[in-house]
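For reference, upload-v9.txt (compact mmCIF, C-alpha atoms):
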# COMPACT_ATOMS: atom_id res chain seq x y z
CA MET N 1 16.24 -40.85 17.11
CA THR N 2 19.71 -41.76 16.07
CA GLY N 3 22.54 -39.41 15.33
CA VAL N 4 25.07 -37.20 16.99
CA ARG N 5 22.69 -36.05 19.69
CA VAL N 6 20.20 -38.71 20.61
CA LEU N 7 17.11 -36.96 21.91
CA GLY N 8 18.68 -36.28 25.27
CA ARG N 9 17.56 -33.44 27.44
CA GLU N 10 18.30 -30.17 25.76
CA HIS N 11 20.73 -28.00 27.69
CA GLY N 12 18.24 -25.11 27.59
CA ARG N 13 15.40 -27.02 29.23
CA ASP N 14 15.59 -25.01 32.43
CA ASP N 15 15.90 -21.59 30.84
CA ARG N 16 16.21 -18.65 33.16
CA SER N 17 13.75 -16.45 31.29
CA GLY N 18 10.89 -17.33 33.62
CA GLY N 19 8.81 -18.35 30.59
CA ARG N 20 9.30 -15.05 28.77
CA ALA N 21 10.37 -14.92 25.16
CA GLY N 22 13.87 -13.71 24.41
CA SER N 23 17.30 -15.24 24.69
CA ARG N 24 19.19 -16.89 27.48
CA ALA N 25 22.59 -15.62 28.50
CA ASP N 26 24.27 -18.01 26.01
CA GLY N 27 22.29 -16.51 23.09
CA VAL N 28 20.00 -19.51 22.52
CA PRO N 29 16.36 -18.42 22.16
CA ALA N 30 14.50 -19.39 25.35
CA LEU N 31 11.29 -20.10 23.45
CA LEU N 32 10.68 -20.77 19.78
CA GLY N 33 7.41 -19.45 18.40
CA ALA N 34 5.90 -18.55 15.05
CA ALA N 35 8.23 -15.56 14.62
CA GLU N 36 11.36 -17.71 14.93
CA LEU N 37 9.98 -20.77 13.13
CA GLY N 38 8.24 -19.01 10.25
CA ALA N 39 5.07 -21.05 10.82
CA GLU N 40 2.51 -21.62 13.55
CA PRO N 41 3.70 -24.19 16.12
CA GLY N 42 1.53 -27.09 17.23
CA ARG N 43 -0.94 -26.71 20.08
CA ARG N 44 0.61 -29.61 22.04
CA ALA N 45 4.09 -29.99 20.52
CA THR N 46 6.15 -29.14 17.45
CA LEU N 47 8.65 -31.19 15.46
CA VAL N 48 11.16 -28.75 13.95
CA GLN N 49 13.35 -30.12 11.17
CA PHE N 50 16.44 -28.29 9.91
CA SER N 51 17.18 -29.43 6.34
CA SER N 52 19.30 -28.54 3.35
CA ALA N 53 18.46 -28.79 -0.34
CA PHE N 54 20.65 -31.74 -1.32
CA CYS N 55 20.34 -33.77 1.87
CA GLN N 56 18.99 -37.26 1.13
CA PRO N 57 18.31 -38.14 4.81
CA CYS N 58 16.32 -34.89 5.07
CA ARG N 59 13.76 -36.22 2.59
CA ALA N 60 13.20 -39.40 4.58
CA THR N 61 13.08 -37.38 7.81
CA ARG N 62 10.41 -35.14 6.28
CA ARG N 63 8.23 -38.16 5.52
CA ILE N 64 8.69 -39.64 9.01
CA LEU N 65 7.93 -36.39 10.84
CA ALA N 66 4.94 -35.61 8.61
CA GLU N 67 3.53 -39.05 9.29
CA VAL N 68 4.01 -38.78 13.07
CA SER N 69 2.57 -35.27 13.23
CA SER N 70 -0.52 -36.43 11.32
CA MET N 71 -0.98 -39.31 13.80
CA VAL N 72 -0.82 -37.20 16.97
CA GLU N 73 -3.42 -34.48 17.44
CA GLY N 74 -2.03 -31.02 18.17
CA VAL N 75 1.47 -31.78 16.87
CA ALA N 76 2.90 -29.75 14.00
CA HIS N 77 5.88 -30.47 11.74
CA ILE N 78 7.84 -27.42 10.61
CA GLU N 79 10.74 -27.76 8.20
CA ILE N 80 13.34 -24.99 8.09
CA ASP N 81 15.89 -24.57 5.31
CA ALA N 82 19.16 -24.29 7.22
CA GLU N 83 20.81 -22.22 4.49
CA GLU N 84 18.02 -19.64 4.56
CA ARG N 85 18.00 -19.34 8.37
CA LEU N 86 21.70 -19.24 9.25
CA ASP N 87 20.91 -16.88 12.14
CA LEU N 88 18.72 -19.48 13.83
CA VAL N 89 21.08 -22.34 12.89
CA ARG N 90 23.95 -20.56 14.60
CA ALA N 91 21.90 -19.52 17.63
CA LEU N 92 20.75 -23.12 18.18
CA GLY N 93 24.10 -24.75 17.42
CA ILE N 94 22.80 -26.81 14.50
CA GLU N 95 25.84 -28.57 13.04
CA LYS N 96 24.36 -30.95 10.46
CA THR N 97 21.18 -31.74 8.59
CA PRO N 98 18.81 -33.16 9.32
CA THR N 99 18.55 -31.98 12.90
CA VAL N 100 15.22 -32.38 14.67
CA LEU N 101 14.07 -30.38 17.69
CA VAL N 102 11.04 -31.42 19.72
CA LEU N 103 9.29 -28.42 21.28
CA ASP N 104 6.68 -28.49 24.02
CA ALA N 105 3.49 -26.41 23.84
CA ALA N 106 5.32 -23.35 25.21
CA GLY N 107 8.04 -23.56 22.55
CA ARG N 108 10.82 -24.90 24.79
CA ILE N 109 13.25 -27.41 23.28
CA VAL N 110 12.77 -30.69 25.17
CA ARG N 111 14.59 -33.10 22.83
CA ARG N 112 17.12 -32.78 20.03
CA ALA N 113 18.70 -35.19 17.55
CA ALA N 114 20.96 -34.99 14.51
CA GLY N 115 20.63 -37.53 11.72
CA MET N 116 17.66 -39.39 10.31
CA PRO N 117 15.30 -40.50 13.10
CA ARG N 118 13.39 -43.72 13.49
CA LYS N 119 9.62 -43.29 13.67
CA ALA N 120 9.40 -45.09 17.03
CA ASP N 121 12.02 -42.74 18.52
CA VAL N 122 10.11 -39.67 17.33
CA ILE N 123 6.93 -40.97 18.92
CA ALA N 124 8.77 -41.68 22.18
CA ALA N 125 10.38 -38.21 22.15
CA LEU N 126 6.95 -36.60 21.85
CA GLY N 127 6.14 -38.11 25.24
CA ALA N 128 8.54 -35.61 26.80
CA ALA N 129 6.74 -32.73 25.14
CA VAL N 130 3.04 -33.51 25.60

Could you render the structure as structure tokens?
Amino acid sequence: MTGVRVLGREHGRDDRSGGRAGSRADGVPALLGAAELGAEPGRRATLVQFSSAFCQPCRATRRILAEVSSMVEGVAHIEIDAEERLDLVRALGIEKTPTVLVLDAAGRIVRRAAGMPRKADVIAALGAAV
């Protein structure tokens, strides 16, 4: 994925919660589940997209992530309106839309990217989650 943060390891990968839900010391949720995301996460991985209403790259990102999630069994795509979820945007340090988070089966952020992704990069990023 291209953008400000290029699907590098997320700083919260080694959270200190011991796998429990809640927040780390820096306020970032340790695990993201249905309560935080507003939808049921994927069984194997979840592609979380933060979007805004008038964002043109968000529309293309939606198509790419929907296509990838339909190709890989157990992967869900969840789109979150950044303006409606400012609490989560602030907690996760989302600075622009689109921003994509790749979550593993437990709900931990394993990859993150800002900007419109390339399909091949999304598929490669899923390898870190499944």

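Nearest residue to Thr46 (chain N) among N:Arg108, N:Lys119, N:Arg85, N:Arg90 is N:Arg108, counting all atoms listed in the file.
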
For a quick check of understanding, using all atoms listed in the file, which of N:Arg63, N:Leu31, N:Phe50, N:Cys55 has the smallest distance to Ala113 (chain N)?
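Among the listed residues, N:Phe50 lies closest to Ala113 (chain N).
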
In terms of the shortest atom-to-atom distance over all atoms listed in the file, which of N:Val122, N:Ala66, N:Ala91, N:Ala128 is closest to Arg44 (chain N)?
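For Arg44 (chain N), the nearest of the given residues is N:Ala128.
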
May I ask for the distance between CA of Ala53 (chain N) and CA of Ala129 (chain N), given in Å to one decimal place?
28.3 Å

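With all atoms listed in the file taken into account, the protein and nucleic acid residues at most 10 Å from Glu73 (chain N) (excluding it and anything under 6 positions from it in its own chain) are Gly42, Arg43, Arg44 and Ala45 of chain N.
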
Deliver the residues from the most recent selection as a file, using C-alpha atoms, as a short mmCIF file (atom, residue, chain, number, x, y, z; two decimals), keeping the file's coordinate frame.
data_model
loop_
_atom_site.label_atom_id
_atom_site.label_comp_id
_atom_site.auth_asym_id
_atom_site.auth_seq_id
_atom_site.Cartn_x
_atom_site.Cartn_y
_atom_site.Cartn_z
CA GLY N 42 1.53 -27.09 17.23
CA ARG N 43 -0.94 -26.71 20.08
CA ARG N 44 0.61 -29.61 22.04
CA ALA N 45 4.09 -29.99 20.52
#

Could you work out how far CA of Thr99 (chain N) lies from CA of Met116 (chain N), giving the answer in Å with one decimal?
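Computing it gives 7.9 Å between the two atoms.
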
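Pairwise distance (CA of Pro29 (chain N), CA of Val89 (chain N)) equals 11.1 Å.
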
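Shortest separation to Ser69 (chain N) among N:Ile123, N:Leu101, N:Leu32, N:Val130 occurs at residue N:Ile123, atoms counted being only C-alpha atoms.
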
List the spatial neighbours of region 96-98 of chain N as a PyMOL selection string - criterion: any atom at most 8 Å away, all atoms listed in the file, same-chain residues fewer than 6 positions off excluded.
chain N and resi 49-52+55+57-58+61+82+114-116

Point out the residue among N:Asp104, N:Glu84, N:Glu95, N:Glu40 with the least atom-to-atom distance to Gly127 (chain N), counting only C-alpha atoms.
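Comparing N:Asp104, N:Glu84, N:Glu95, N:Glu40 against Gly127 (chain N), the winner is N:Asp104.
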
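Using all atoms listed in the file for every distance, the candidate list N:Ala34, N:Ala39, N:Ile64, N:Leu47 yields N:Leu47 as the residue closest to Arg111 (chain N).
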